[in-house]
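A.B. asks: What follows is run-v2.cif, made up of mmCIF, C-alpha atoms:
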```cif
data_input
#
loop_
_atom_site.label_atom_id
_atom_site.label_comp_id
_atom_site.auth_asym_id
_atom_site.auth_seq_id
_atom_site.Cartn_x
_atom_site.Cartn_y
_atom_site.Cartn_z
CA MET A 1355 0.00 0.00 0.00
CA ARG A 1356 1.39 3.41 -0.99
CA ILE A 1357 0.57 6.47 1.14
CA LYS A 1358 1.39 9.97 -0.04
CA SER A 1359 0.33 13.58 0.69
CA TYR A 1360 -0.40 16.24 -1.93
CA THR A 1361 -0.68 19.99 -1.40
CA ALA A 1362 -2.51 22.35 -3.75
CA GLU A 1363 -4.51 25.58 -3.83
CA SER A 1364 -7.82 23.71 -3.58
CA PHE A 1365 -9.20 20.25 -2.72
CA ALA A 1366 -10.07 19.60 -6.37
CA ALA A 1367 -6.55 20.46 -7.50
CA ALA A 1368 -5.07 18.12 -4.87
CA LEU A 1369 -7.39 15.28 -5.98
CA LYS A 1370 -6.24 15.81 -9.54
CA GLN A 1371 -2.65 15.17 -8.40
CA VAL A 1372 -3.80 12.03 -6.54
CA ARG A 1373 -5.56 10.61 -9.63
CA SER A 1374 -2.58 11.46 -11.82
CA GLU A 1375 -0.05 9.60 -9.65
CA LEU A 1376 -2.01 6.96 -7.69
CA GLY A 1377 -4.86 6.35 -10.07
CA GLY A 1378 -8.60 6.62 -9.84
CA ASP A 1379 -8.87 3.80 -7.30
CA ALA A 1380 -6.82 5.64 -4.68
CA LEU A 1381 -8.44 6.30 -1.31
CA VAL A 1382 -8.35 9.64 0.54
CA LEU A 1383 -7.13 9.10 4.12
CA LYS A 1384 -7.01 12.69 5.34
CA THR A 1385 -7.56 16.27 4.23
CA ARG A 1386 -6.62 19.42 6.08
CA LYS A 1387 -6.29 23.13 5.52
CA LEU A 1388 -2.87 24.81 5.68
CA VAL A 1389 -1.42 28.29 5.48
CA ASN A 1390 2.04 28.58 3.88
CA PRO A 1391 4.71 31.00 5.21
CA LEU A 1392 3.46 33.68 2.82
CA GLY A 1393 -0.03 33.51 4.34
CA MET A 1394 -1.66 31.77 1.37
CA ALA A 1395 -4.36 29.15 2.03
CA ARG A 1396 -3.52 25.61 0.92
CA VAL A 1397 -5.17 22.18 1.11
CA GLU A 1398 -3.31 18.97 1.92
CA VAL A 1399 -4.74 15.62 0.86
CA THR A 1400 -3.24 12.33 2.06
CA ALA A 1401 -4.21 9.32 -0.08
CA CYS A 1402 -3.26 5.68 -0.46
CA ALA A 1403 -3.24 3.17 -3.33
CA GLY A 1404 -3.46 -0.59 -2.72
CA GLU A 1405 -5.83 -3.52 -2.51
CA GLU A 1406 -7.65 -2.76 0.78
CA THR A 1407 -11.08 -4.19 1.22
CA GLY A 1408 -14.04 -1.95 1.76
CA GLU A 1409 -13.93 -2.81 5.47
CA GLN A 1410 -10.27 -1.77 5.65
CA ALA A 1411 -11.02 1.47 3.90
CA HIS A 1412 -13.80 2.11 6.42
CA LEU A 1413 -11.43 1.45 9.32
CA LEU A 1414 -8.92 3.87 7.80
CA ASN A 1415 -11.68 6.48 7.50
CA ALA A 1416 -10.70 6.72 3.83
CA VAL A 1417 -12.78 8.15 1.02
CA PRO A 1418 -12.47 6.93 -2.59
CA VAL A 1419 -11.01 9.51 -4.90
CA LYS A 1420 -13.94 9.08 -7.27
CA SER A 1421 -16.37 10.36 -4.66
CA ASN A 1422 -17.66 13.95 -4.62
CA PRO A 1423 -15.03 16.25 -3.09
CA GLN A 1424 -17.73 18.26 -1.36
CA GLN A 1425 -18.76 15.18 0.65
CA SER A 1426 -15.25 14.55 2.01
CA THR A 1427 -14.75 15.03 5.71
CA ILE A 1428 -11.94 17.41 6.76
CA GLN A 1429 -9.75 15.55 9.27
CA THR A 1430 -7.07 17.00 11.55
CA GLU A 1431 -5.21 13.75 12.24
CA SER A 1432 -4.39 10.67 10.21
CA LEU A 1433 -4.97 7.09 11.46
CA VAL A 1434 -2.09 5.85 9.34
CA LYS A 1435 1.49 6.83 10.21
CA PRO A 1436 3.42 8.09 7.15
CA GLN A 1437 6.49 6.06 6.39
CA SER A 1438 7.76 7.31 3.04
CA GLU A 1439 10.46 9.93 2.51
CA SER A 1440 7.85 12.32 1.17
CA ASN A 1441 5.83 12.04 4.36
CA GLU A 1442 8.94 12.73 6.44
CA LYS A 1443 9.30 15.99 4.58
CA GLU A 1444 5.66 16.74 5.21
CA LEU A 1445 6.16 16.11 8.93
CA HIS A 1446 9.14 18.48 8.95
CA PHE A 1447 7.07 21.13 7.21
CA THR A 1448 4.29 20.59 9.76
CA ARG A 1449 6.71 21.05 12.67
CA VAL A 1450 7.98 24.31 11.15
CA MET A 1451 4.43 25.56 10.66
CA THR A 1452 3.60 24.66 14.25
CA LYS A 1453 6.54 26.71 15.52
CA LEU A 1454 5.49 29.66 13.39
CA ASP A 1455 1.94 29.38 14.73
CA THR A 1456 3.32 29.40 18.29
CA ILE A 1457 5.41 32.52 17.62
CA ASP A 1458 2.45 34.25 15.98
CA SER A 1459 0.26 33.36 18.95
CA LYS A 1460 2.76 34.80 21.44
CA LEU A 1461 3.14 38.01 19.43
CA SER A 1462 -0.63 38.40 19.25
CA GLU A 1463 -0.85 37.88 22.99
CA LEU A 1464 1.71 40.61 23.63
CA VAL A 1465 0.03 43.06 21.26
CA ASN A 1466 -3.43 42.44 22.67
CA ARG A 1467 -2.42 42.32 26.35
CA PRO A 1468 -4.64 44.83 28.21
CA ASN A 1469 -1.86 46.34 30.34
CA ILE A 1470 0.32 47.29 27.35
CA GLN A 1471 0.46 51.10 27.24
CA ARG A 1472 -0.83 52.45 23.96
CA GLU A 1473 1.22 55.15 22.26
CA SER A 1474 -0.47 58.48 22.63
CA GLU A 1475 -0.93 61.16 20.00
CA ALA A 1476 1.54 63.36 21.90
CA THR A 1477 4.19 60.63 21.70
CA ARG A 1478 3.67 60.20 17.96
CA LYS A 1479 3.98 63.96 17.53
CA PHE A 1480 7.29 64.17 19.40
CA ARG A 1481 8.65 61.10 17.62
CA GLN A 1482 7.90 62.72 14.25
CA ILE A 1483 9.61 65.97 15.32
CA LEU A 1484 12.77 64.10 16.32
CA GLN A 1485 12.71 62.03 13.12
CA ASP A 1486 12.44 65.23 11.07
CA ALA A 1487 15.42 66.60 13.04
CA ASP A 1488 17.43 63.57 11.84
CA PHE A 1489 17.81 61.87 15.21
CA ASP A 1490 18.83 58.23 15.26
CA ALA A 1491 15.94 55.82 16.01
CA ASN A 1492 17.57 54.48 19.19
CA VAL A 1493 18.13 58.01 20.53
CA ILE A 1494 14.49 58.89 19.79
CA GLU A 1495 13.20 55.90 21.76
CA SER A 1496 15.53 56.72 24.65
CA ILE A 1497 14.29 60.33 24.84
CA ILE A 1498 10.62 59.30 24.69
CA ALA A 1499 11.12 56.59 27.31
CA LYS A 1500 12.81 59.05 29.69
CA SER A 1501 10.01 61.58 29.17
CA GLY A 1502 7.47 59.04 30.42
CA ASN A 1503 5.68 58.42 27.09
CA PRO A 1504 3.46 61.55 27.48
CA GLU A 1505 -0.24 60.78 27.38
CA SER A 1506 -2.69 62.72 25.25
CA ASN A 1507 -4.87 63.44 28.30
CA ARG A 1508 -2.03 65.29 30.02
CA ASP A 1509 -1.60 69.04 29.76
CA ASP A 1510 0.21 69.84 26.49
CA SER A 1511 2.59 72.27 28.20
CA ASN A 1512 3.63 69.62 30.73
CA SER A 1513 4.21 67.05 27.99
CA THR A 1514 6.27 69.48 25.94
CA GLU A 1515 8.34 70.49 28.96
CA SER A 1516 8.98 66.84 29.85
CA VAL A 1517 10.27 66.04 26.36
CA ARG A 1518 12.25 69.29 26.24
CA ASN A 1519 14.01 68.44 29.50
CA CYS A 1520 14.89 64.93 28.28
CA LEU A 1521 16.09 66.33 24.96
CA MET A 1522 18.26 68.88 26.79
CA GLU A 1523 19.67 66.04 28.92
CA GLU A 1524 20.61 64.12 25.75
CA LEU A 1525 22.22 67.20 24.19
CA SER A 1526 24.05 68.14 27.41
CA ALA A 1527 25.59 64.65 27.52
CA ILE A 1528 27.41 65.24 24.21
CA ILE A 1529 28.59 68.81 24.95
CA LEU A 1530 31.75 70.01 26.68
CA PRO A 1531 31.00 73.72 27.24
CA ASP A 1532 34.11 74.98 29.03
CA LEU A 1533 37.15 73.69 27.14
CA LYS A 1534 40.05 76.14 27.42
CA PHE A 1535 43.26 76.11 25.38
CA LYS A 1536 46.57 77.15 26.91
CA SER A 1537 50.09 77.96 25.78
CA GLY A 1538 51.87 74.87 24.50
CA ASP A 1539 48.72 73.25 23.09
CA ARG A 1540 48.89 71.91 19.52
CA ILE A 1541 45.48 71.69 17.91
CA VAL A 1542 44.96 69.73 14.69
CA LEU A 1543 41.79 70.31 12.66
CA VAL A 1544 40.53 67.46 10.44
CA GLY A 1545 37.33 67.09 8.47
CA PRO A 1546 35.74 66.58 5.05
CA ALA A 1547 35.99 69.01 2.16
CA GLY A 1548 33.75 72.04 2.57
CA ALA A 1549 33.14 71.50 6.28
CA GLY A 1550 34.79 74.85 7.11
CA LYS A 1551 38.08 73.85 8.74
CA SER A 1552 39.93 76.99 7.61
CA SER A 1553 37.11 79.24 8.80
CA VAL A 1554 37.02 77.49 12.18
CA MET A 1555 40.79 77.83 12.43
CA GLY A 1556 40.56 81.59 11.82
CA LYS A 1557 37.79 81.99 14.42
CA ILE A 1558 39.68 79.99 17.05
CA ALA A 1559 42.80 82.06 16.39
CA THR A 1560 40.83 85.31 16.65
CA HIS A 1561 39.27 84.21 19.94
CA LEU A 1562 42.59 83.13 21.46
CA VAL A 1563 44.31 86.37 20.46
CA SER A 1564 41.55 88.86 21.28
CA GLN A 1565 39.81 87.19 24.22
CA GLU A 1566 42.39 84.90 25.82
CA ARG A 1567 45.41 87.12 25.02
CA LEU A 1568 47.47 84.09 23.96
CA ALA A 1569 50.25 83.90 21.40
CA VAL A 1570 49.20 81.79 18.40
CA THR A 1571 51.03 80.15 15.49
CA LEU A 1572 49.24 78.90 12.38
CA GLN A 1573 50.44 75.94 10.35
CA SER A 1574 49.06 74.19 7.25
CA LEU A 1575 49.58 70.65 6.02
CA ASP A 1576 47.13 71.17 3.15
CA ASP A 1577 48.99 70.87 -0.14
CA PHE A 1578 45.90 69.60 -2.03
CA LYS A 1579 43.41 72.46 -1.83
CA ILE A 1580 44.13 75.24 -4.31
CA GLY A 1581 44.92 78.35 -2.32
CA GLY A 1582 44.66 76.44 0.98
CA ARG A 1583 48.04 77.54 2.30
CA GLU A 1584 47.47 81.10 1.10
CA GLU A 1585 44.17 81.26 2.98
CA ILE A 1586 45.84 80.26 6.26
CA ALA A 1587 48.71 82.65 5.58
CA SER A 1588 46.21 85.48 5.07
CA TYR A 1589 44.64 84.76 8.48
CA ALA A 1590 48.10 84.94 10.02
CA GLU A 1591 48.83 88.24 8.29
CA LEU A 1592 45.52 89.80 9.34
CA LEU A 1593 45.99 88.78 12.97
CA GLY A 1594 49.72 89.47 13.04
CA LEU A 1595 50.55 85.82 13.74
CA GLU A 1596 53.41 83.55 12.72
CA TYR A 1597 52.68 81.18 9.87
CA GLN A 1598 54.49 77.88 9.21
CA HIS A 1599 54.12 75.53 6.24
CA ASP A 1600 54.57 71.75 6.11
CA SER A 1601 58.29 71.84 5.38
CA VAL A 1602 58.97 73.58 8.68
CA ARG A 1603 58.63 71.36 11.72
CA VAL A 1604 56.96 72.83 14.76
CA ASP A 1605 59.58 73.95 17.24
CA ALA A 1606 59.47 71.60 20.21
CA GLY A 1607 61.48 73.96 22.41
CA ASN A 1608 60.58 76.95 24.53
CA LYS A 1609 59.10 78.87 21.60
CA SER A 1610 56.27 76.39 20.98
CA LYS A 1611 55.56 76.18 24.69
CA LYS A 1612 54.80 79.89 24.74
CA CYS A 1613 52.09 79.77 22.09
CA VAL A 1614 49.07 77.78 20.87
CA THR A 1615 49.71 76.11 17.51
CA LEU A 1616 46.73 75.61 15.17
CA ILE A 1617 47.33 73.08 12.36
CA ASP A 1618 45.13 72.85 9.25
CA THR A 1619 44.98 69.57 7.27
CA PRO A 1620 43.80 68.40 3.83
CA ALA A 1621 40.22 67.21 3.45
CA LEU A 1622 39.54 63.68 4.66
CA SER A 1623 39.88 61.12 1.90
CA SER A 1624 38.24 57.71 1.49
CA GLU A 1625 41.51 56.52 -0.03
CA PRO A 1626 43.27 54.41 2.67
CA ASN A 1627 46.79 55.33 1.55
CA ALA A 1628 46.07 59.07 1.75
CA THR A 1629 44.48 58.66 5.17
CA GLU A 1630 47.43 56.66 6.47
CA LEU A 1631 49.95 59.21 5.19
CA LEU A 1632 48.10 62.12 6.80
CA CYS A 1633 47.74 60.21 10.08
CA ARG A 1634 51.52 59.76 10.20
CA LYS A 1635 52.09 63.47 9.64
CA VAL A 1636 49.62 64.35 12.37
CA ASP A 1637 51.15 61.88 14.82
CA GLU A 1638 54.61 63.35 14.24
CA LEU A 1639 53.33 66.71 15.48
CA LYS A 1640 52.16 65.16 18.76
CA PRO A 1641 48.95 67.24 18.98
CA THR A 1642 47.26 67.77 22.34
CA HIS A 1643 43.83 68.18 20.70
CA ARG A 1644 42.39 66.64 17.52
CA LEU A 1645 39.26 68.48 16.42
CA PHE A 1646 36.89 66.82 13.96
CA ILE A 1647 35.14 69.56 11.97
CA PHE A 1648 31.84 68.58 10.31
CA SER A 1649 28.84 70.33 8.83
CA ALA A 1650 25.48 70.22 10.61
CA LEU A 1651 24.01 69.69 7.14
CA THR A 1652 25.53 66.20 7.05
CA ARG A 1653 22.80 63.60 7.51
CA THR A 1654 23.16 60.90 10.14
CA SER A 1655 23.26 58.19 7.45
CA ASP A 1656 26.24 59.92 5.78
CA LEU A 1657 28.03 60.49 9.08
CA ILE A 1658 28.46 56.75 9.52
CA GLN A 1659 30.74 56.48 6.48
CA LEU A 1660 32.46 59.79 7.25
CA THR A 1661 33.29 58.92 10.85
CA ASN A 1662 34.67 55.55 9.78
CA VAL A 1663 37.46 57.52 8.08
CA ALA A 1664 37.75 60.06 10.91
CA ARG A 1665 38.36 57.35 13.53
CA ALA A 1666 41.88 56.88 12.14
CA PHE A 1667 42.76 60.34 13.51
CA GLU A 1668 41.49 59.53 17.01
CA SER A 1669 39.59 62.80 17.34
CA THR A 1670 39.30 64.17 20.87
CA HIS A 1671 36.62 66.84 20.30
CA LEU A 1672 33.98 67.91 17.76
CA VAL A 1673 33.14 71.23 16.11
CA ALA A 1674 29.89 71.61 14.13
CA THR A 1675 29.57 74.28 11.44
CA MET A 1676 26.72 75.74 9.37
CA LEU A 1677 24.15 75.70 12.16
CA ASP A 1678 22.60 78.80 10.59
CA LEU A 1679 21.48 76.71 7.61
CA THR A 1680 19.45 74.00 9.36
CA ASN A 1681 17.34 73.07 12.35
CA CYS A 1682 18.15 69.36 11.98
CA TYR A 1683 20.59 68.76 14.81
CA GLY A 1684 20.31 64.98 15.13
CA GLY A 1685 23.64 64.62 13.35
CA LEU A 1686 25.39 66.36 16.27
CA VAL A 1687 24.30 63.58 18.61
CA SER A 1688 25.13 60.87 16.07
CA ALA A 1689 28.65 62.22 15.46
CA SER A 1690 29.32 62.33 19.21
CA HIS A 1691 28.15 58.73 19.65
CA LEU A 1692 30.04 57.44 16.61
CA LEU A 1693 33.36 59.09 17.48
CA LYS A 1694 32.92 58.93 21.26
CA SER A 1695 33.89 62.61 21.44
CA LYS A 1696 32.15 65.67 22.82
CA LEU A 1697 31.05 68.81 21.00
CA ILE A 1698 33.01 71.90 22.07
CA PHE A 1699 32.14 74.57 19.49
CA VAL A 1700 29.41 75.41 16.99
CA THR A 1701 29.46 78.11 14.36
CA SER A 1702 27.69 79.38 11.26
CA ALA A 1703 28.51 78.81 7.61
CA PRO A 1704 32.08 79.77 6.61
CA GLY A 1705 30.85 82.99 5.07
CA GLY A 1706 28.64 83.87 8.04
CA ILE A 1707 29.36 86.55 10.62
CA GLY A 1708 28.60 84.38 13.65
CA ASP A 1709 31.35 83.77 16.20
CA LEU A 1710 32.63 80.43 17.34
CA LYS A 1711 30.89 79.56 20.61
CA ALA A 1712 30.08 76.73 22.99
CA PRO A 1713 26.74 75.07 22.10
CA ASP A 1714 23.74 75.79 24.31
CA PRO A 1715 21.58 72.66 24.96
CA ALA A 1716 18.51 74.77 25.80
CA GLU A 1717 18.77 76.77 22.57
CA LEU A 1718 19.27 73.66 20.46
CA ALA A 1719 16.33 71.89 22.14
CA ASP A 1720 14.03 74.84 21.48
CA LYS A 1721 15.05 74.95 17.81
CA ILE A 1722 14.39 71.23 17.44
CA LEU A 1723 10.94 71.35 19.08
CA ASN A 1724 9.98 74.51 17.16
CA PRO A 1725 11.35 73.84 13.66
CA ALA A 1726 9.28 76.64 12.13
CA SER A 1727 11.10 79.25 14.21
CA GLU A 1728 14.13 81.22 13.07
CA MET A 1729 17.26 79.11 12.61
CA CYS A 1730 20.14 79.07 15.05
CA LYS A 1731 22.22 82.27 15.05
CA CYS A 1732 25.61 80.73 15.88
#
```
If you took the structure in this file and wrote it as structure tokens, what would it be?

C.D. replies:
Amino acid sequence: MRIKSYTAESFAAALKQVRSELGGDALVLKTRKLVNPLGMARVEVTACAGEETGEQAHLLNAVPVKSNPQQSTIQTESLVKPQSESNEKELHFTRVMTKLDTIDSKLSELVNRPNIQRESEATRKFRQILQDADFDANVIESIIAKSGNPESNRDDSNSTESVRNCLMEELSAIILPDLKFKSGDRIVLVGPAGAGKSSVMGKIATHLVSQERLAVTLQSLDDFKIGGREEIASYAELLGLEYQHDSVRVDAGNKSKKCVTLIDTPALSSEPNATELLCRKVDELKPTHRLFIFSALTRTSDLIQLTNVARAFESTHLVATMLDLTNCYGGLVSASHLLKSKLIFVTSAPGGIGDLKAPDPAELADKILNPASEMCKC
């Protein structure tokens, strides 16, 4: 006696397979409904072919294939144990489907559990604001969780203040507001093309000379950018500072200890050889600070690739530029997390008039939660 199972879209289609392979005298032992992994309904028919008597067929609860399909009884269990290789595969498939049903049942139980807190309209609103501000998904969930998942029946001002405080806490964690440079410090600036390294260098030099009353020396390693050295030299001339180019090594004696040395570098390159060469040059200068300069316009998704290159320079601090051109500050948090460094300065676009300054968490939080307001004047 041969026993075999057939699966098809309908009972009639399965019976057609039975007749084709086992013949018109085959007996139906079992039929059942299935759902495949894609969610499509299927029918499984188990049939046998042999020389059973009518009494045997009755004991097996079998139905002749020639009978009307509509009169067949849908069974959930077979009275005959499958023994063929095909049936072993069917049993394996059944076990897999059973596991999937169990997982689906558990997920449904979790979703429908009465004590699960439903997300309020206020929470969805704040999540959308943070998504629009380009915050990473994990950071968004952390902020919302800390804010207590504000309910729609709470006072709107209280909900907004709760989220604002949690957002300020997240921003404060990535900011170092009181970094001070001193004589003898060597500060290297690295970053991608167009991020505003030269502009940041000029603003730092201006601040150190006019506000901190420190002696400053400017140096450039950039021999790729057209006019790059000349731009740094012009800053030195305007501020009455000493300028050194790559061929002159920084004096390691008393002279360098009496001034702050600012060192400009070529734009970061995705070419490993260029990155390695620049890293060696930077290491030779033994910098005390390595500032990674990046634009606030850089999206979080792009920062991942950019910071992979920047890690080679072991940046110690971050400077964000072009804050006057966007209210999307999620990239500031992402850069800090990716490079494990804190933000020390923010500024406007290179051509802007804004000074270099320490970032204000409260100001940034307000700009994020009120994106329609005027952009940051940094």

A.B. asks: Name the residues that the PyMOL selection byres ((chain A and resi 1630-1647) around 7) picks from the file above, as a list in words, using the file's chain letters and numbers.

C.D. replies: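 Evaluating the PyMOL selection byres ((chain A and resi 1630-1647) around 7) on this file yields Asp1539, Arg1540, Ile1541, Val1542, Leu1543, Val1544, Gly1545, Ala1549, Lys1551, Pro1626, Asn1627, Ala1628, Thr1629, Phe1648, Phe1667, Ser1669, Thr1670, His1671, Leu1672, Val1673 and Ala1674 of chain A.
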
A.B. asks: Distance CA of Asp1577 in chain A-CA of Pro1546 in chain A, one decimal place?

C.D. replies: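 That distance, rounded to one decimal, is 14.9 Å.
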
A.B. asks: Ranking A:Leu1692, A:Leu1697, A:Leu1369, A:Leu1718 by minimum distance to Asp1532 in chain A and counting all atoms listed in the file, which one comes first?

C.D. replies: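 Checking each candidate against Asp1532 in chain A, we get A:Leu1697 as the closest.
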
A.B. asks: With distances taken over only C-alpha atoms, which residue among A:Leu1575, A:Gly1502, A:Cys1613, A:Leu1525 lies nearest Ser1537 in chain A?

C.D. replies: A:Cys1613

A.B. asks: Identify, on the basis of all atoms listed in the file, every residue whose closest approach to range 1518-1522 of chain A does not exceed 7 Å; exclude the query and any residue fewer than 4 positions from it along the same chain; express the result as a PyMOL selection string.

C.D. replies: chain A and resi 1497+1500-1501+1514+1526+1715-1716+1719

A.B. asks: Rounded to one decimal in Å, what is the spacing between CA of Thr1400 in chain A and CA of Ala1367 in chain A?

C.D. replies: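 Spanning CA of Thr1400 in chain A to CA of Ala1367 in chain A is a straight-line distance of 13.0 Å.
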
A.B. asks: For the provided coordinates, the residues matched by the PyMOL selection byres ((chain A and resi 1536) around 12) should be stated as a list in words.

C.D. replies: Leu1533, Lys1534, Phe1535, Ser1537, Gly1538, Asp1539, Arg1540, Ile1541, Leu1562, Val1563, Glu1566, Arg1567, Leu1568, Ala1569, Val1570, Ser1610, Lys1611, Lys1612, Cys1613, Val1614, Thr1615, Leu1616, Thr1642 and His1643 of chain A

A.B. asks: Out of A:Thr1619, A:Leu1592, A:Asp1488, A:Thr1477, which residue has the shortest atom-to-atom distance to Asp1656 in chain A when counting only C-alpha atoms?

C.D. replies: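 Of the candidates, the smallest distance to Asp1656 in chain A is held by A:Asp1488.
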
A.B. asks: What is the CA of Thr1448 in chain A to CA of Leu1376 in chain A distance in Å?

C.D. replies: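 Those two atoms sit 23.0 Å apart.
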
A.B. asks: Is it possible to get the residues within 9 Å of (21.8, 56.5, 9.7) (coordinates as in the file, counting all atoms listed in the file) written as a VMD selection string?

C.D. replies: chain A and resid 1488 to 1491 1653 to 1658 1688

A.B. asks: Given the file shown, determine the residues that the PyMOL selection byres ((chain A and resi 1572) around 9) selects; report them as a ChimeraX atom specification.

C.D. replies: /A:1555,1559,1570-1571,1573-1574,1586-1587,1589-1590,1595-1599,1614-1618
